[in-house]
$ cat coords.tsv   # TSV, C-alpha atoms
chain	number	residue	atom	x	y	z
A	241	MET	CA	0.00	0.00	0.00
A	242	CYS	CA	1.18	3.52	-0.78
A	243	PRO	CA	1.65	5.77	2.27
A	244	ILE	CA	-0.82	8.62	2.78
A	245	GLN	CA	0.30	11.76	0.96
A	246	ASP	CA	-0.65	15.39	1.38
A	247	LEU	CA	-2.75	16.42	-1.63
A	248	SER	CA	-0.80	19.65	-2.03
A	249	VAL	CA	2.38	17.60	-2.50
A	250	LEU	CA	0.71	15.49	-5.18
A	251	GLU	CA	-0.66	18.59	-6.89
A	252	LYS	CA	2.80	20.15	-6.97
A	253	GLU	CA	4.20	16.98	-8.51
A	254	CYS	CA	1.46	16.80	-11.16
A	255	ARG	CA	2.00	20.41	-12.21
A	256	LYS	CA	5.51	19.53	-13.35
A	257	TYR	CA	4.06	17.76	-16.39
A	258	ASP	CA	2.13	18.97	-19.41
A	259	THR	CA	0.23	15.68	-19.73
A	260	ILE	CA	-1.30	13.85	-16.78
A	261	VAL	CA	-2.75	10.33	-16.96
A	262	ILE	CA	-5.41	9.20	-14.50
A	263	LYS	CA	-6.44	5.55	-14.40
A	264	GLY	CA	-10.09	5.02	-13.58
A	265	VAL	CA	-11.52	1.55	-12.97
A	266	ARG	CA	-15.08	1.03	-14.19
A	267	ILE	CA	-16.45	4.53	-14.52
A	268	LEU	CA	-19.98	3.23	-14.81
A	269	ASP	CA	-21.41	6.22	-16.69
A	270	VAL	CA	-19.15	8.16	-19.04
A	271	ASN	CA	-21.65	11.03	-19.04
A	272	ILE	CA	-20.59	12.03	-15.52
A	273	LEU	CA	-17.33	13.22	-17.09
A	274	ALA	CA	-19.15	15.82	-19.21
A	275	PRO	CA	-18.32	18.81	-16.93
A	276	LEU	CA	-14.62	17.88	-17.01
A	277	ILE	CA	-14.55	17.29	-20.76
A	278	GLU	CA	-16.32	20.61	-21.40
A	279	ASP	CA	-13.79	22.49	-19.25
A	280	PRO	CA	-11.41	24.09	-21.80
A	281	SER	CA	-8.64	24.42	-19.22
A	282	LEU	CA	-8.34	20.63	-18.89
A	283	ASN	CA	-8.41	19.35	-22.48
A	284	LEU	CA	-9.51	15.99	-21.09
A	285	LYS	CA	-9.57	12.94	-23.35
A	286	ILE	CA	-10.82	9.43	-22.62
A	287	ILE	CA	-9.00	6.26	-23.62
A	288	HIS	CA	-11.43	3.43	-22.94
A	289	LEU	CA	-9.69	0.06	-22.55
A	290	VAL	CA	-12.13	-2.81	-22.95
A	291	ARG	CA	-11.71	-6.56	-22.76
A	292	ASP	CA	-13.78	-9.59	-23.70
A	293	PRO	CA	-16.41	-9.83	-20.91
A	294	ARG	CA	-15.79	-13.57	-20.68
A	295	ALA	CA	-12.13	-12.88	-19.91
A	296	VAL	CA	-13.22	-10.30	-17.32
A	297	ALA	CA	-15.52	-12.88	-15.71
A	298	ASN	CA	-12.69	-15.41	-15.62
A	299	SER	CA	-10.42	-12.85	-13.97
A	300	ARG	CA	-13.05	-12.06	-11.35
A	301	ILE	CA	-13.50	-15.75	-10.56
A	302	LYS	CA	-9.74	-16.24	-10.19
A	303	SER	CA	-9.63	-13.22	-7.86
A	304	LYS	CA	-12.91	-13.99	-6.10
A	305	HIS	CA	-11.42	-14.02	-2.61
A	306	GLY	CA	-9.92	-10.58	-3.15
A	307	MET	CA	-13.06	-9.20	-4.81
A	308	ILE	CA	-15.88	-10.90	-2.92
A	309	ARG	CA	-17.08	-7.67	-1.31
A	310	GLU	CA	-17.04	-5.81	-4.60
A	311	ASN	CA	-18.83	-8.65	-6.39
A	312	LEU	CA	-21.55	-8.66	-3.75
A	313	GLN	CA	-21.90	-4.89	-3.90
A	314	VAL	CA	-22.13	-4.90	-7.69
A	315	VAL	CA	-24.64	-7.77	-7.81
A	316	ARG	CA	-26.88	-6.12	-5.23
A	317	SER	CA	-26.99	-2.92	-7.30
A	318	ARG	CA	-28.49	-4.58	-10.37
A	319	ASN	CA	-32.03	-4.06	-11.55
A	320	GLN	CA	-34.08	-6.60	-9.63
A	321	LYS	CA	-36.90	-6.36	-12.20
A	322	SER	CA	-34.75	-7.64	-15.06
A	323	HIS	CA	-35.38	-11.22	-16.08
A	324	ARG	CA	-32.43	-13.15	-17.44
A	325	ASN	CA	-31.96	-16.77	-18.37
A	326	LEU	CA	-29.85	-18.43	-15.68
A	327	TYR	CA	-27.25	-21.00	-16.69
A	328	LEU	CA	-25.38	-21.19	-13.38
A	329	ASP	CA	-25.80	-23.24	-10.24
A	330	GLN	CA	-26.72	-20.61	-7.65
A	331	ARG	CA	-25.47	-22.86	-4.87
A	332	ARG	CA	-21.88	-22.08	-5.90
A	333	ARG	CA	-22.10	-18.61	-4.43
A	334	ASP	CA	-18.60	-17.29	-5.17
A	335	ASP	CA	-18.73	-18.08	-8.88
A	336	PHE	CA	-22.37	-17.03	-9.06
A	337	TYR	CA	-21.56	-13.56	-7.70
A	338	SER	CA	-18.38	-13.21	-9.78
A	339	VAL	CA	-20.25	-13.92	-13.00
A	340	GLY	CA	-23.40	-12.15	-11.81
A	341	ALA	CA	-21.44	-8.91	-11.44
A	342	MET	CA	-21.00	-8.97	-15.21
A	343	GLU	CA	-24.69	-8.15	-15.66
A	344	VAL	CA	-24.20	-4.76	-14.01
A	345	ILE	CA	-20.80	-4.14	-15.60
A	346	CYS	CA	-22.07	-4.89	-19.11
A	347	GLU	CA	-25.28	-2.94	-18.63
A	348	CYS	CA	-23.26	0.12	-17.64
A	349	MET	CA	-20.86	-0.46	-20.52
A	350	SER	CA	-23.83	-0.60	-22.88
A	351	HIS	CA	-24.92	2.86	-21.72
A	352	THR	CA	-21.43	4.18	-22.46
A	353	LEU	CA	-21.37	2.53	-25.89
A	354	LYS	CA	-24.72	4.10	-26.77
A	355	THR	CA	-23.22	7.50	-25.93
A	356	VAL	CA	-20.23	6.68	-28.15
A	357	LEU	CA	-22.46	5.65	-31.06
A	358	SER	CA	-24.61	8.79	-30.78
A	359	PRO	CA	-22.14	11.27	-29.27
A	360	PRO	CA	-23.23	14.66	-27.94
A	361	ASN	CA	-21.17	17.64	-29.07
A	362	TRP	CA	-19.01	17.68	-25.93
A	363	PHE	CA	-17.97	14.07	-26.54
A	364	LYS	CA	-16.84	14.30	-30.16
A	365	GLY	CA	-13.09	13.91	-30.65
A	366	LYS	CA	-12.58	13.22	-26.95
A	367	TYR	CA	-12.94	9.44	-26.90
A	368	MET	CA	-10.85	6.52	-28.09
A	369	LEU	CA	-11.70	2.83	-27.76
A	370	VAL	CA	-8.89	0.29	-27.29
A	371	ARG	CA	-9.53	-3.44	-27.16
A	372	TYR	CA	-7.12	-5.37	-24.95
A	373	GLU	CA	-6.95	-8.13	-27.55
A	374	ASP	CA	-5.84	-5.68	-30.25
A	375	LEU	CA	-3.27	-4.20	-27.90
A	376	VAL	CA	-1.60	-7.54	-27.18
A	377	GLU	CA	-1.69	-8.52	-30.85
A	378	ASN	CA	-0.14	-5.27	-32.11
A	379	PRO	CA	1.24	-3.44	-29.06
A	380	VAL	CA	3.46	-0.93	-30.85
A	381	GLN	CA	0.83	-0.01	-33.44
A	382	ILE	CA	-1.85	0.51	-30.79
A	383	LEU	CA	0.65	2.52	-28.74
A	384	HIS	CA	1.23	4.80	-31.73
A	385	ASN	CA	-2.52	5.19	-32.20
A	386	ILE	CA	-2.97	6.18	-28.55
A	387	TYR	CA	-0.12	8.68	-28.59
A	388	ARG	CA	-1.41	10.20	-31.83
A	389	PHE	CA	-4.84	10.61	-30.24
A	390	ILE	CA	-3.38	12.60	-27.34
A	391	ASN	CA	-0.95	14.53	-29.58
A	392	LEU	CA	2.22	13.00	-28.17
A	393	THR	CA	5.17	11.24	-29.78
A	394	THR	CA	6.33	7.79	-28.73
A	395	SER	CA	9.92	6.92	-27.91
A	396	ARG	CA	11.95	3.76	-28.30
A	397	ASP	CA	12.00	3.36	-24.53
A	398	ILE	CA	8.22	3.29	-24.21
A	399	GLU	CA	7.92	0.98	-27.22
A	400	SER	CA	10.40	-1.42	-25.62
A	401	PHE	CA	8.51	-1.23	-22.34
A	402	VAL	CA	5.20	-2.11	-24.00
A	403	MET	CA	6.75	-5.00	-25.92
A	404	ASN	CA	8.35	-6.32	-22.73
A	405	MET	CA	5.14	-6.10	-20.70
A	406	THR	CA	3.07	-7.93	-23.33
A	407	SER	CA	5.62	-10.50	-24.50
A	408	GLY	CA	6.84	-12.00	-21.24
A	409	SER	CA	7.00	-15.72	-20.60
A	410	SER	CA	5.36	-15.74	-17.17
A	411	PHE	CA	1.77	-16.51	-16.23
A	412	PRO	CA	1.18	-14.66	-12.93
A	413	SER	CA	-1.17	-16.41	-10.54
A	414	ASN	CA	-2.10	-13.12	-8.91
A	415	ASN	CA	-4.16	-10.93	-11.24
A	416	PHE	CA	-3.14	-7.84	-9.29
A	417	ASP	CA	0.57	-8.28	-10.05
A	418	VAL	CA	1.98	-5.77	-12.54
A	419	SER	CA	4.67	-7.66	-14.40
A	420	ALA	CA	5.74	-8.81	-17.85
A	421	ARG	CA	3.52	-11.65	-19.00
A	422	ASN	CA	2.45	-13.63	-22.02
A	423	ALA	CA	-0.44	-11.31	-22.85
A	424	THR	CA	-1.61	-13.34	-25.85
A	425	HIS	CA	-2.08	-16.36	-23.59
A	426	THR	CA	-3.78	-14.19	-20.98
A	427	ALA	CA	-6.23	-12.86	-23.57
A	428	THR	CA	-7.50	-16.34	-24.44
A	429	ALA	CA	-7.02	-18.16	-21.12
A	430	TRP	CA	-10.75	-17.98	-20.37
A	431	ARG	CA	-11.42	-20.41	-23.22
A	432	ALA	CA	-9.62	-23.16	-21.31
A	433	LEU	CA	-10.76	-22.21	-17.81
A	434	LEU	CA	-14.41	-21.16	-17.97
A	435	SER	CA	-17.15	-23.76	-18.17
A	436	TYR	CA	-19.55	-23.51	-21.08
A	437	SER	CA	-22.43	-22.68	-18.72
A	438	LYS	CA	-20.52	-19.71	-17.29
A	439	ILE	CA	-19.72	-18.51	-20.79
A	440	GLN	CA	-23.39	-18.76	-21.76
A	441	GLN	CA	-24.32	-16.72	-18.71
A	442	VAL	CA	-21.83	-13.95	-19.50
A	443	GLU	CA	-22.98	-13.89	-23.12
A	444	GLU	CA	-26.57	-13.57	-21.93
A	445	TYR	CA	-25.66	-10.62	-19.71
A	446	CYS	CA	-23.33	-8.93	-22.21
A	447	GLN	CA	-24.96	-9.59	-25.58
A	448	TYR	CA	-25.30	-5.95	-26.64
A	449	ALA	CA	-21.86	-4.83	-25.48
A	450	MET	CA	-20.22	-7.86	-27.11
A	451	SER	CA	-21.97	-7.22	-30.43
A	452	ILE	CA	-20.78	-3.60	-30.51
A	453	LEU	CA	-17.23	-4.39	-29.39
A	454	GLY	CA	-16.76	-7.27	-31.83
A	455	TYR	CA	-16.72	-10.24	-29.45
A	456	LEU	CA	-18.40	-13.27	-31.04
A	457	PRO	CA	-20.44	-15.79	-29.02
A	458	VAL	CA	-19.14	-19.33	-28.63
A	459	PRO	CA	-21.21	-21.59	-30.93
A	460	SER	CA	-20.58	-24.82	-29.03
A	461	PRO	CA	-18.35	-26.43	-26.37
A	462	VAL	CA	-16.29	-28.05	-29.11
A	463	GLU	CA	-15.43	-24.73	-30.74
A	464	LEU	CA	-14.69	-23.16	-27.36
A	465	THR	CA	-11.28	-24.79	-27.01
A	466	ASP	CA	-10.34	-24.61	-30.69
A	467	LEU	CA	-8.02	-21.61	-30.56
A	468	ARG	CA	-7.68	-21.67	-34.34
A	469	ARG	CA	-11.19	-20.23	-34.42
A	470	SER	CA	-11.10	-16.53	-33.62
A	471	LEU	CA	-13.92	-15.09	-31.56
A	472	LEU	CA	-13.09	-11.54	-32.61
A	473	THR	CA	-14.51	-9.41	-35.37
A	474	LEU	CA	-14.29	-5.71	-36.16
A	475	PRO	CA	-15.95	-3.48	-33.55
A	476	LYS	CA	-18.79	-1.22	-34.65
A	477	ILE	CA	-17.13	1.85	-33.15
$ encode --input "coords.tsv" --output "structure tokens"
Amino acid sequence: MCPIQDLSVLEKECRKYDTIVIKGVRILDVNILAPLIEDPSLNLKIIHLVRDPRAVANSRIKSKHGMIRENLQVVRSRNQKSHRNLYLDQRRRDDFYSVGAMEVICECMSHTLKTVLSPPNWFKGKYMLVRYEDLVENPVQILHNIYRFINLTTSRDIESFVMNMTSGSSFPSNNFDVSARNATHTATAWRALLSYSKIQQVEEYCQYAMSILGYLPVPSPVELTDLRRSLLTLPKI
């Protein structure tokens, strides 16, 4: 854990740089950023990193002991009037809540995607979508795209860093570790680890978001583990 810092010290440090990056985890409604985006003194831009919801569900299950409180909180916030087909055994509570959280996450993501598809004036030119799977497949190209979007120039050092972080040989057991890893393997690991019923449940919850982002449903259990068959197509954004 980082030690507590005086905000004035952090502000002084931030003001040394022309460009400041803030990582936000699951901003559930992009529209709440409107006042910041409309502020001309900030020149705020959004880089939205998305990932296959089935991979997200797999990650949440692997980290269920570290995320059990969040999973419960997210599940309890969902619309109780919605009626979904259930493919999971509700007696397995940890997995049920880990996958169930995807209903809320994907519903919120769908709201954001609808804003992206029909952007208000304040949103135009301020948003960039990046798929994790595209990033690990072509890290340097995606890096260039991101830097171009924010009007910066890449360097060999940052290119080497990105290549190193996505081309490692390790497979960290702790999802919260920040280390070089085999990102291509990580991107498809869910296909070997998730049961078909869990995949069906996530696809039920995330159908709209997946269709917009270019994530194809799994036709059958046989095709699930056939990694020669891509489950990606071009996003509609």
$ atom_distance --input "coords.tsv" --atom1 "atom CA of Met450 of chain A" --atom2 "atom CA of Leu276 of chain A"
28.2 Å
$ atom_distance --input "coords.tsv" --atom1 "atom CA of Pro359 of chain A" --atom2 "atom CA of Pro457 of chain A"
27.1 Å
$ closest_residue --input "coords.tsv" --among "A:Gly365, A:Ile286, A:Met405, A:Val380" --to "Val261 of chain A" --atoms "all atoms listed in the file"
A:Ile286
$ closest_residue --input "coords.tsv" --among "A:Trp362, A:Tyr372, A:Tyr367, A:Phe336" --to "Thr428 of chain A" --atoms "only C-alpha atoms"
A:Tyr372
$ residues_near_point --input "coords.tsv" --point "(2.6, 3.5, -30.2)" --cutoff "9 Å" --atoms "only C-alpha atoms" --output "PDB file with C-alpha atoms, in the frame of the given file"
ATOM      1  CA  PRO A 379       1.240  -3.440 -29.060  1.00  0.00           C
ATOM      2  CA  VAL A 380       3.460  -0.930 -30.850  1.00  0.00           C
ATOM      3  CA  GLN A 381       0.830  -0.010 -33.440  1.00  0.00           C
ATOM      4  CA  ILE A 382      -1.850   0.510 -30.790  1.00  0.00           C
ATOM      5  CA  LEU A 383       0.650   2.520 -28.740  1.00  0.00           C
ATOM      6  CA  HIS A 384       1.230   4.800 -31.730  1.00  0.00           C
ATOM      7  CA  ASN A 385      -2.520   5.190 -32.200  1.00  0.00           C
ATOM      8  CA  ILE A 386      -2.970   6.180 -28.550  1.00  0.00           C
ATOM      9  CA  TYR A 387      -0.120   8.680 -28.590  1.00  0.00           C
ATOM     10  CA  ARG A 388      -1.410  10.200 -31.830  1.00  0.00           C
ATOM     11  CA  THR A 393       5.170  11.240 -29.780  1.00  0.00           C
ATOM     12  CA  THR A 394       6.330   7.790 -28.730  1.00  0.00           C
ATOM     13  CA  SER A 395       9.920   6.920 -27.910  1.00  0.00           C
ATOM     14  CA  ILE A 398       8.220   3.290 -24.210  1.00  0.00           C
ATOM     15  CA  GLU A 399       7.920   0.980 -27.220  1.00  0.00           C
ATOM     16  CA  VAL A 402       5.200  -2.110 -24.000  1.00  0.00           C
TER      17      VAL A 402
END
$ atom_distance --input "coords.tsv" --atom1 "atom CA of Glu343 of chain A" --atom2 "atom CA of Tyr445 of chain A"
4.8 Å
$ closest_residue --input "coords.tsv" --among "A:Lys354, A:Asp335, A:Ser299, A:Leu250" --to "Val270 of chain A" --atoms "all atoms listed in the file"
A:Lys354
$ closest_residue --input "coords.tsv" --among "A:Val376, A:Gln447, A:Leu456, A:His351" --to "His425 of chain A" --atoms "all atoms listed in the file"
A:Val376
$ closest_residue --input "coords.tsv" --among "A:Ala449, A:Ser460, A:Ile390, A:Phe363" --to "Glu278 of chain A" --atoms "all atoms listed in the file"
A:Phe363
$ closest_residue --input "coords.tsv" --among "A:Gly408, A:Lys476, A:Val458, A:Arg371" --to "Arg291 of chain A" --atoms "all atoms listed in the file"
A:Arg371
$ residues_around --input "coords.tsv" --residues "Leu464 of chain A" --least-positions-apart "3" --cutoff "12 Å" --atoms "all atoms listed in the file" --output "list in words"
Arg294, Thr428, Ala429, Trp430, Arg431, Ala432, Leu433, Leu434, Ser435, Tyr436, Ser437, Ile439, Gln440, Leu456, Pro457, Val458, Pro459, Ser460, Pro461, Leu467, Arg468, Arg469, Ser470 and Leu471 of chain A
$ decode --input "coords.tsv" --residues "segment 352-423 of chain A" --atoms "C-alpha atoms" --output "PDB file, in the first residue's frame"
ATOM      1  CA  THR A 352     -21.434   4.183 -22.463  1.00  0.00           C
ATOM      2  CA  LEU A 353     -21.371   2.531 -25.893  1.00  0.00           C
ATOM      3  CA  LYS A 354     -24.717   4.101 -26.774  1.00  0.00           C
ATOM      4  CA  THR A 355     -23.220   7.497 -25.933  1.00  0.00           C
ATOM      5  CA  VAL A 356     -20.230   6.683 -28.149  1.00  0.00           C
ATOM      6  CA  LEU A 357     -22.460   5.649 -31.058  1.00  0.00           C
ATOM      7  CA  SER A 358     -24.610   8.795 -30.777  1.00  0.00           C
ATOM      8  CA  PRO A 359     -22.145  11.266 -29.267  1.00  0.00           C
ATOM      9  CA  PRO A 360     -23.229  14.658 -27.940  1.00  0.00           C
ATOM     10  CA  ASN A 361     -21.167  17.639 -29.070  1.00  0.00           C
ATOM     11  CA  TRP A 362     -19.011  17.681 -25.925  1.00  0.00           C
ATOM     12  CA  PHE A 363     -17.973  14.071 -26.543  1.00  0.00           C
ATOM     13  CA  LYS A 364     -16.836  14.296 -30.163  1.00  0.00           C
ATOM     14  CA  GLY A 365     -13.091  13.911 -30.654  1.00  0.00           C
ATOM     15  CA  LYS A 366     -12.577  13.218 -26.955  1.00  0.00           C
ATOM     16  CA  TYR A 367     -12.941   9.436 -26.901  1.00  0.00           C
ATOM     17  CA  MET A 368     -10.846   6.516 -28.092  1.00  0.00           C
ATOM     18  CA  LEU A 369     -11.699   2.829 -27.756  1.00  0.00           C
ATOM     19  CA  VAL A 370      -8.886   0.294 -27.295  1.00  0.00           C
ATOM     20  CA  ARG A 371      -9.525  -3.442 -27.161  1.00  0.00           C
ATOM     21  CA  TYR A 372      -7.124  -5.368 -24.952  1.00  0.00           C
ATOM     22  CA  GLU A 373      -6.954  -8.133 -27.547  1.00  0.00           C
ATOM     23  CA  ASP A 374      -5.838  -5.683 -30.254  1.00  0.00           C
ATOM     24  CA  LEU A 375      -3.270  -4.202 -27.897  1.00  0.00           C
ATOM     25  CA  VAL A 376      -1.597  -7.542 -27.183  1.00  0.00           C
ATOM     26  CA  GLU A 377      -1.695  -8.521 -30.853  1.00  0.00           C
ATOM     27  CA  ASN A 378      -0.135  -5.275 -32.114  1.00  0.00           C
ATOM     28  CA  PRO A 379       1.237  -3.439 -29.063  1.00  0.00           C
ATOM     29  CA  VAL A 380       3.462  -0.928 -30.853  1.00  0.00           C
ATOM     30  CA  GLN A 381       0.825  -0.011 -33.444  1.00  0.00           C
ATOM     31  CA  ILE A 382      -1.852   0.510 -30.791  1.00  0.00           C
ATOM     32  CA  LEU A 383       0.655   2.515 -28.739  1.00  0.00           C
ATOM     33  CA  HIS A 384       1.233   4.805 -31.728  1.00  0.00           C
ATOM     34  CA  ASN A 385      -2.522   5.191 -32.196  1.00  0.00           C
ATOM     35  CA  ILE A 386      -2.968   6.184 -28.554  1.00  0.00           C
ATOM     36  CA  TYR A 387      -0.116   8.684 -28.594  1.00  0.00           C
ATOM     37  CA  ARG A 388      -1.408  10.198 -31.832  1.00  0.00           C
ATOM     38  CA  PHE A 389      -4.843  10.607 -30.237  1.00  0.00           C
ATOM     39  CA  ILE A 390      -3.375  12.596 -27.341  1.00  0.00           C
ATOM     40  CA  ASN A 391      -0.953  14.526 -29.579  1.00  0.00           C
ATOM     41  CA  LEU A 392       2.218  13.002 -28.174  1.00  0.00           C
ATOM     42  CA  THR A 393       5.167  11.236 -29.777  1.00  0.00           C
ATOM     43  CA  THR A 394       6.329   7.790 -28.726  1.00  0.00           C
ATOM     44  CA  SER A 395       9.921   6.921 -27.909  1.00  0.00           C
ATOM     45  CA  ARG A 396      11.954   3.759 -28.296  1.00  0.00           C
ATOM     46  CA  ASP A 397      12.003   3.357 -24.527  1.00  0.00           C
ATOM     47  CA  ILE A 398       8.223   3.295 -24.212  1.00  0.00           C
ATOM     48  CA  GLU A 399       7.918   0.984 -27.217  1.00  0.00           C
ATOM     49  CA  SER A 400      10.405  -1.424 -25.620  1.00  0.00           C
ATOM     50  CA  PHE A 401       8.506  -1.230 -22.341  1.00  0.00           C
ATOM     51  CA  VAL A 402       5.198  -2.109 -24.003  1.00  0.00           C
ATOM     52  CA  MET A 403       6.753  -4.996 -25.916  1.00  0.00           C
ATOM     53  CA  ASN A 404       8.354  -6.318 -22.732  1.00  0.00           C
ATOM     54  CA  MET A 405       5.138  -6.101 -20.704  1.00  0.00           C
ATOM     55  CA  THR A 406       3.073  -7.933 -23.328  1.00  0.00           C
ATOM     56  CA  SER A 407       5.624 -10.505 -24.495  1.00  0.00           C
ATOM     57  CA  GLY A 408       6.843 -12.001 -21.239  1.00  0.00           C
ATOM     58  CA  SER A 409       6.995 -15.718 -20.595  1.00  0.00           C
ATOM     59  CA  SER A 410       5.356 -15.738 -17.172  1.00  0.00           C
ATOM     60  CA  PHE A 411       1.772 -16.509 -16.229  1.00  0.00           C
ATOM     61  CA  PRO A 412       1.183 -14.655 -12.931  1.00  0.00           C
ATOM     62  CA  SER A 413      -1.169 -16.412 -10.542  1.00  0.00           C
ATOM     63  CA  ASN A 414      -2.099 -13.116  -8.913  1.00  0.00           C
ATOM     64  CA  ASN A 415      -4.161 -10.934 -11.241  1.00  0.00           C
ATOM     65  CA  PHE A 416      -3.143  -7.838  -9.294  1.00  0.00           C
ATOM     66  CA  ASP A 417       0.567  -8.283 -10.050  1.00  0.00           C
ATOM     67  CA  VAL A 418       1.976  -5.774 -12.539  1.00  0.00           C
ATOM     68  CA  SER A 419       4.668  -7.664 -14.404  1.00  0.00           C
ATOM     69  CA  ALA A 420       5.744  -8.813 -17.849  1.00  0.00           C
ATOM     70  CA  ARG A 421       3.522 -11.645 -18.998  1.00  0.00           C
ATOM     71  CA  ASN A 422       2.449 -13.630 -22.019  1.00  0.00           C
ATOM     72  CA  ALA A 423      -0.438 -11.314 -22.855  1.00  0.00           C
TER      73      ALA A 423
END
